[in-house]
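Visitor: What follows is target.cif, made up of mmCIF, C-alpha atoms:
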data_protein
#
loop_
_atom_site.label_atom_id
_atom_site.label_comp_id
_atom_site.auth_asym_id
_atom_site.auth_seq_id
_atom_site.Cartn_x
_atom_site.Cartn_y
_atom_site.Cartn_z
CA MET I 1 67.44 136.04 97.10
CA PHE I 2 69.42 134.16 94.43
CA THR I 3 73.06 135.01 94.04
CA MET I 4 74.84 135.26 90.70
CA ASP I 5 76.84 132.09 91.48
CA ARG I 6 73.71 130.07 92.07
CA ILE I 7 72.18 131.35 88.83
CA GLY I 8 75.32 130.46 86.92
CA ASN I 9 75.39 126.96 88.34
CA ARG I 10 71.82 126.34 87.32
CA LEU I 11 72.48 127.61 83.77
CA GLY I 12 75.40 125.24 83.47
CA LEU I 13 73.33 122.29 84.53
CA LEU I 14 70.64 123.23 82.03
CA VAL I 15 73.14 123.49 79.18
CA THR I 16 74.63 120.14 80.14
CA ALA I 17 71.23 118.50 80.19
CA VAL I 18 70.32 119.90 76.78
CA ALA I 19 73.63 118.66 75.39
CA LEU I 20 73.04 115.18 76.76
CA VAL I 21 69.57 115.06 75.25
CA GLY I 22 70.91 116.16 71.86
CA ALA I 23 73.70 113.60 71.97
CA THR I 24 71.27 110.85 72.93
CA GLY I 25 68.89 111.82 70.06
CA CYS I 26 71.69 111.72 67.51
CA ALA I 27 72.80 108.34 68.77
CA SER I 28 69.25 106.96 68.52
CA LYS I 29 68.85 108.21 64.96
CA LYS I 30 72.16 106.65 63.91
CA TRP I 31 71.19 103.31 65.52
CA VAL I 32 67.79 103.29 63.84
CA HIS I 33 69.35 104.13 60.48
CA THR I 34 71.92 101.36 60.96
CA GLN I 35 69.18 98.84 61.67
CA THR I 36 66.69 99.90 59.02
CA ALA I 37 69.05 100.48 56.06
CA PRO I 38 69.53 96.70 55.29
CA LEU I 39 65.80 96.15 55.65
CA ALA I 40 65.06 98.90 53.17
CA GLU I 41 67.63 97.47 50.76
CA GLN I 42 66.14 93.96 51.06
CA THR I 43 62.66 95.40 50.57
CA GLY I 44 63.80 97.15 47.40
CA GLN I 45 65.37 93.95 46.08
CA LEU I 46 62.19 92.01 46.87
CA GLU I 47 60.10 94.59 45.02
CA ASP I 48 62.43 94.35 42.01
CA LYS I 49 62.16 90.54 41.99
CA THR I 50 58.38 90.72 42.37
CA ALA I 51 58.16 93.13 39.44
CA ALA I 52 60.43 90.87 37.32
CA ASN I 53 58.35 87.80 38.19
CA GLY I 54 55.22 89.72 37.31
CA ARG I 55 56.65 90.61 33.90
CA GLN I 56 57.66 86.98 33.28
CA ILE I 57 54.20 85.73 34.26
CA HIS I 58 52.64 88.31 31.95
CA ASP I 59 54.92 87.23 29.09
CA VAL I 60 54.14 83.54 29.66
CA ASP I 61 50.42 84.27 29.85
CA SER I 62 50.58 86.29 26.63
CA ARG I 63 52.40 83.48 24.80
CA ALA I 64 49.95 80.91 26.18
CA GLN I 65 46.98 82.97 25.07
CA ALA I 66 48.51 83.40 21.62
CA GLY I 67 49.13 79.64 21.39
CA ILE I 68 45.58 78.87 22.52
CA GLN I 69 44.14 81.28 19.95
CA GLN I 70 46.31 79.80 17.21
CA ALA I 71 45.32 76.25 18.15
CA GLN I 72 41.67 77.25 18.33
CA GLY I 73 41.92 78.86 14.92
CA ALA I 74 43.47 75.72 13.45
CA ALA I 75 40.78 73.58 15.09
CA ASP I 76 38.02 75.82 13.74
CA THR I 77 39.52 75.66 10.25
CA ALA I 78 39.81 71.87 10.42
CA SER I 79 36.24 71.63 11.67
CA GLN I 80 34.98 73.83 8.84
CA ASN I 81 36.91 71.77 6.28
CA ALA I 82 35.49 68.56 7.73
CA GLN I 83 31.98 69.96 7.65
CA THR I 84 32.46 71.08 4.05
CA ALA I 85 33.81 67.68 3.02
CA GLY I 86 31.03 65.92 4.90
CA LYS I 87 28.41 68.08 3.24
CA ALA I 88 29.91 67.43 -0.20
CA ALA I 89 29.95 63.69 0.44
CA GLY I 90 26.41 63.84 1.76
CA ASP I 91 25.26 65.81 -1.29
CA ALA I 92 26.92 63.30 -3.61
CA THR I 93 25.30 60.39 -1.80
CA THR I 94 21.92 62.08 -1.88
CA ALA I 95 22.24 62.81 -5.58
CA ALA I 96 23.20 59.20 -6.29
CA ASN I 97 20.36 57.87 -4.20
CA ASP I 98 17.87 60.18 -5.89
CA ALA I 99 18.96 58.92 -9.30
CA VAL I 100 18.56 55.27 -8.31
CA ASN I 101 15.27 53.59 -9.19
CA ARG I 102 13.39 52.37 -6.15
CA ALA I 103 10.37 50.12 -6.20
CA ASP I 104 8.68 47.22 -4.52
CA SER I 105 9.30 45.09 -7.61
CA LEU I 106 10.86 45.44 -11.02
CA ASP I 107 7.53 44.75 -12.71
CA ALA I 108 6.31 48.15 -11.57
CA VAL I 109 9.09 50.11 -13.26
CA VAL I 110 10.56 48.08 -16.09
CA LYS I 111 8.42 47.68 -19.18
CA GLY I 112 8.82 44.47 -21.07
CA LEU I 113 10.52 42.72 -18.15
CA ASP I 114 10.01 39.37 -19.89
CA SER I 115 12.62 40.44 -22.45
CA TYR I 116 15.30 40.64 -19.73
CA LYS I 117 17.44 37.63 -18.89
CA GLN I 118 19.61 37.06 -15.83
CA VAL I 119 23.23 36.55 -16.82
CA ALA I 120 25.07 36.95 -13.48
CA ASP I 121 24.39 37.38 -9.78
CA VAL I 122 26.08 37.79 -6.41
CA SER I 123 24.90 37.72 -2.81
CA VAL I 124 26.63 39.34 0.18
CA THR I 125 25.63 38.98 3.84
CA PHE I 126 25.73 41.40 6.76
CA GLY I 127 26.17 41.21 10.52
CA PHE I 128 23.19 41.49 12.84
CA ASP I 129 21.63 44.97 12.60
CA LYS I 130 24.52 46.09 10.35
CA ALA I 131 24.61 47.73 6.94
CA VAL I 132 28.40 47.83 6.50
CA LEU I 133 30.17 45.79 3.84
CA THR I 134 32.81 43.40 5.12
CA LYS I 135 36.15 42.65 3.47
CA ASP I 136 34.73 39.41 2.10
CA ASP I 137 31.69 41.29 0.73
CA LEU I 138 33.94 43.74 -1.12
CA ALA I 139 35.95 40.91 -2.65
CA GLN I 140 32.77 39.24 -3.93
CA LEU I 141 31.46 42.51 -5.37
CA ASP I 142 34.80 43.18 -7.08
CA SER I 143 34.68 39.76 -8.72
CA PHE I 144 31.07 40.32 -9.75
CA ALA I 145 31.76 43.79 -11.20
CA GLY I 146 34.41 42.32 -13.49
CA GLN I 147 31.63 40.63 -15.46
CA LEU I 148 29.85 43.89 -16.26
CA ALA I 149 32.38 45.27 -18.73
CA SER I 150 31.20 42.90 -21.45
CA GLN I 151 27.50 43.51 -20.85
CA LYS I 152 25.28 45.87 -22.84
CA SER I 153 21.72 47.01 -22.24
CA TYR I 154 21.77 45.67 -18.70
CA ILE I 155 20.21 46.65 -15.42
CA LEU I 156 21.15 45.67 -11.86
CA GLU I 157 18.41 44.44 -9.59
CA VAL I 158 19.62 45.04 -6.02
CA THR I 159 17.45 43.39 -3.39
CA GLY I 160 18.08 43.91 0.33
CA GLY I 161 16.75 41.58 3.00
CA THR I 162 16.82 40.98 6.76
CA ASP I 163 16.10 38.19 9.17
CA SER I 164 12.83 38.07 11.11
CA THR I 165 14.16 39.82 14.23
CA GLY I 166 12.65 43.22 15.00
CA PRO I 167 9.71 45.34 13.76
CA ALA I 168 8.70 45.12 10.10
CA GLN I 169 9.18 48.83 9.32
CA TYR I 170 12.65 48.87 10.89
CA ASN I 171 13.59 45.85 8.80
CA TYR I 172 12.38 47.55 5.62
CA ASP I 173 14.61 50.54 6.39
CA LEU I 174 17.54 48.27 7.27
CA SER I 175 17.18 46.28 4.06
CA ASN I 176 17.24 49.53 2.06
CA ARG I 177 20.38 50.71 3.87
CA ARG I 178 22.08 47.44 3.01
CA ALA I 179 21.09 47.76 -0.63
CA ASP I 180 22.31 51.37 -0.61
CA ALA I 181 25.71 50.26 0.71
CA VAL I 182 26.13 47.87 -2.24
CA VAL I 183 24.98 50.45 -4.79
CA GLN I 184 27.28 53.15 -3.42
CA TYR I 185 30.28 50.82 -3.60
CA LEU I 186 29.63 49.61 -7.16
CA ALA I 187 28.68 53.05 -8.46
CA SER I 188 31.68 54.87 -6.96
CA LYS I 189 34.37 52.27 -7.69
CA TYR I 190 33.21 51.07 -11.11
CA SER I 191 31.48 54.21 -12.39
CA ILE I 192 28.21 52.41 -12.98
CA PRO I 193 25.46 54.94 -13.80
CA ALA I 194 22.81 55.23 -11.13
CA ARG I 195 20.07 54.74 -13.72
CA ARG I 196 21.12 51.09 -14.11
CA PHE I 197 20.30 50.27 -10.48
CA TYR I 198 16.89 49.12 -9.34
CA LEU I 199 16.72 48.89 -5.54
CA ILE I 200 14.18 46.73 -3.78
CA GLY I 201 14.04 46.62 0.02
CA ILE I 202 12.00 43.61 1.05
CA GLY I 203 12.85 43.53 4.75
CA LYS I 204 12.00 40.12 6.17
CA ASP I 205 9.23 39.42 3.65
CA LYS I 206 11.23 37.10 1.42
CA GLU I 207 13.44 34.69 3.27
CA VAL I 208 15.97 32.50 1.51
CA ALA I 209 16.51 30.25 4.54
CA PRO I 210 14.57 29.41 7.72
CA ASN I 211 14.79 32.07 10.41
CA THR I 212 14.63 29.37 13.08
CA THR I 213 18.41 28.81 12.98
CA ALA I 214 21.39 31.14 13.33
CA GLU I 215 22.73 30.07 9.93
CA GLY I 216 19.35 30.68 8.30
CA ARG I 217 19.09 34.17 9.81
CA LYS I 218 22.60 34.93 8.59
CA GLN I 219 21.65 34.01 5.02
CA ASN I 220 18.58 36.24 5.20
CA ARG I 221 20.69 39.26 6.23
CA ARG I 222 21.80 39.71 2.65
CA VAL I 223 21.78 41.81 -0.50
CA GLU I 224 21.31 40.03 -3.81
CA VAL I 225 22.48 41.65 -7.05
CA GLN I 226 21.34 40.28 -10.40
CA VAL I 227 22.51 41.39 -13.82
CA LEU I 228 19.61 41.43 -16.26
CA THR I 229 20.20 42.06 -19.96
CA ASN I 230 17.59 43.09 -22.44
CA MET I 231 17.57 40.18 -24.86
CA GLY I 232 14.71 41.76 -26.83
CA SER I 233 16.64 44.89 -27.82
CA PRO I 234 16.52 45.58 -31.56
CA GLN I 235 19.21 43.79 -33.53
CA PRO I 236 20.83 45.22 -36.68
CA ALA I 237 18.94 44.08 -39.79
CA ALA I 238 20.84 41.73 -42.07
CA PRO I 239 21.67 43.18 -45.52
CA ALA I 240 19.22 42.12 -48.27
CA PRO I 241 20.70 39.73 -50.90
CA ALA I 242 21.54 41.30 -54.24
CA ALA I 243 18.97 40.64 -57.00
CA GLY I 244 20.23 38.18 -59.66
CA THR I 245 20.31 38.91 -63.47
CA GLY I 246 19.09 36.47 -66.21
CA ASN I 247 20.49 35.68 -69.70
#
Can the structure in the file be given as structure tokens, please?
Guide:
Amino acid sequence: MFTMDRIGNRLGLLVTAVALVGATGCASKKWVHTQTAPLAEQTGQLEDKTAANGRQIHDVDSRAQAGIQQAQGAADTASQNAQTAGKAAGDATTAANDAVNRADSLDAVVKGLDSYKQVADVSVTFGFDKAVLTKDDLAQLDSFAGQLASQKSYILEVTGGTDSTGPAQYNYDLSNRRADAVVQYLASKYSIPARRFYLIGIGKDKEVAPNTTAEGRKQNRRVEVQVLTNMGSPQPAAPAPAAGTGN
């Protein structure tokens, strides 16, 4: 049988044990809180920095996208303007070319050709497979155009030629492009009406020098322009003499 003293001793030990466990639990919680509080603070700061960096990246991306869109818009506008200008220039060139007389020879298009007389001429040469006027070509055409101001009832025979290199059809096309280059320059700079031009692309059919030498081929890569005036145009009739009176 248990005595009251023994029961009391056991109750005391139990109370002491419970107290120790409670004290130990409180100590563990305080230690954990002490250790984890700085970590939680650092984690919060890191989250704040991450959020701030995210906002900055978003702002930079938004500004970049706006800049890209603005640049793209400007590029699109410039491209449209260039296309419009190119189309206008192309239309003007087409209209001028359509108005120019084209033929294999003047005899086929000009009636009474025998009444025309050559009063001036110029010849410009081109590089191999080129249809672009050089600085020297432009100077010669400028000097030639200065003679046209005093002319009346004239036409311009523009004959393009090539050397013997290459296929015949390609050379015909090339000779026409060279003649076109001369016509476009004279018409645009000196306001010469397109109706005065008669273009003849002869390709390699009519050489002015032997194609067996480099110098000869250079001379054949040319455009010749002749000023022809209509010497048979009607002249003003002289006034009839007054009839005399007799005495």
Visitor: Taking only C-alpha atoms into account, which of I:Lys135, I:His58, I:Lys152, I:Arg63 comes nearest Leu228 of chain I?
Guide: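 For Leu228 of chain I, the nearest of the candidates is I:Lys152.
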Visitor: Could you tell me which residues the PyMOL selection byres ((chain I and resi 141-148) around 12) grabs in this file, written as JSON, numbers by chain?
Guide: {"I": [119, 120, 121, 122, 123, 124, 125, 133, 134, 135, 136, 137, 138, 139, 140, 149, 150, 151, 152, 153, 154, 155, 156, 181, 182, 183, 184, 185, 186, 187, 188, 189, 190, 191, 192, 196, 223, 224, 225, 226, 227, 228, 229]}
Visitor: Rank nothing, just name the residue among I:Gly216, I:Tyr170, I:Arg222, I:Gly161 nearest to Lys204 of chain I, using all atoms listed in the file.
Guide: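 Nearest to Lys204 of chain I: I:Gly161.
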Visitor: I:Asp59, I:Asp129, I:Asp163, I:Asp48: which is nearest Thr212 of chain I, counting all atoms listed in the file?
Guide: I:Asp163
Visitor: Calculate how many Å separate atom CA of Val208 of chain I from atom CA of Asp173 of chain I, rounding to one decimal.
Guide: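 Straight-line distance from atom CA of Val208 of chain I to atom CA of Asp173 of chain I works out to 18.7 Å.
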Visitor: In Å, rounded to a single decimal, give me how far atom CA of Glu215 of chain I is from atom CA of Gly166 of chain I.
Guide: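 Separation of atom CA of Gly166 of chain I and atom CA of Glu215 of chain I: 17.3 Å.
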Visitor: Report, in Å with one decimal, the straight-line distance from atom CA of Lys218 of chain I to atom CA of Lys117 of chain I.
Guide: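 Computing the Euclidean distance for atom CA of Lys218 of chain I and atom CA of Lys117 of chain I yields 28.1 Å.
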Visitor: I'd like to know which of I:Gly127, I:Gly201, I:Pro193, I:Gly54 is closest to Ser175 of chain I, using all atoms listed in the file.
Guide: I:Gly201
Visitor: Measuring between all atoms listed in the file, which one of I:Ser164, I:Ala194, I:Thr159, I:Gln69 shows the shortest distance to Asn211 of chain I?
Guide: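 Looking at the shortest contact to Asn211 of chain I, the residue is I:Ser164.
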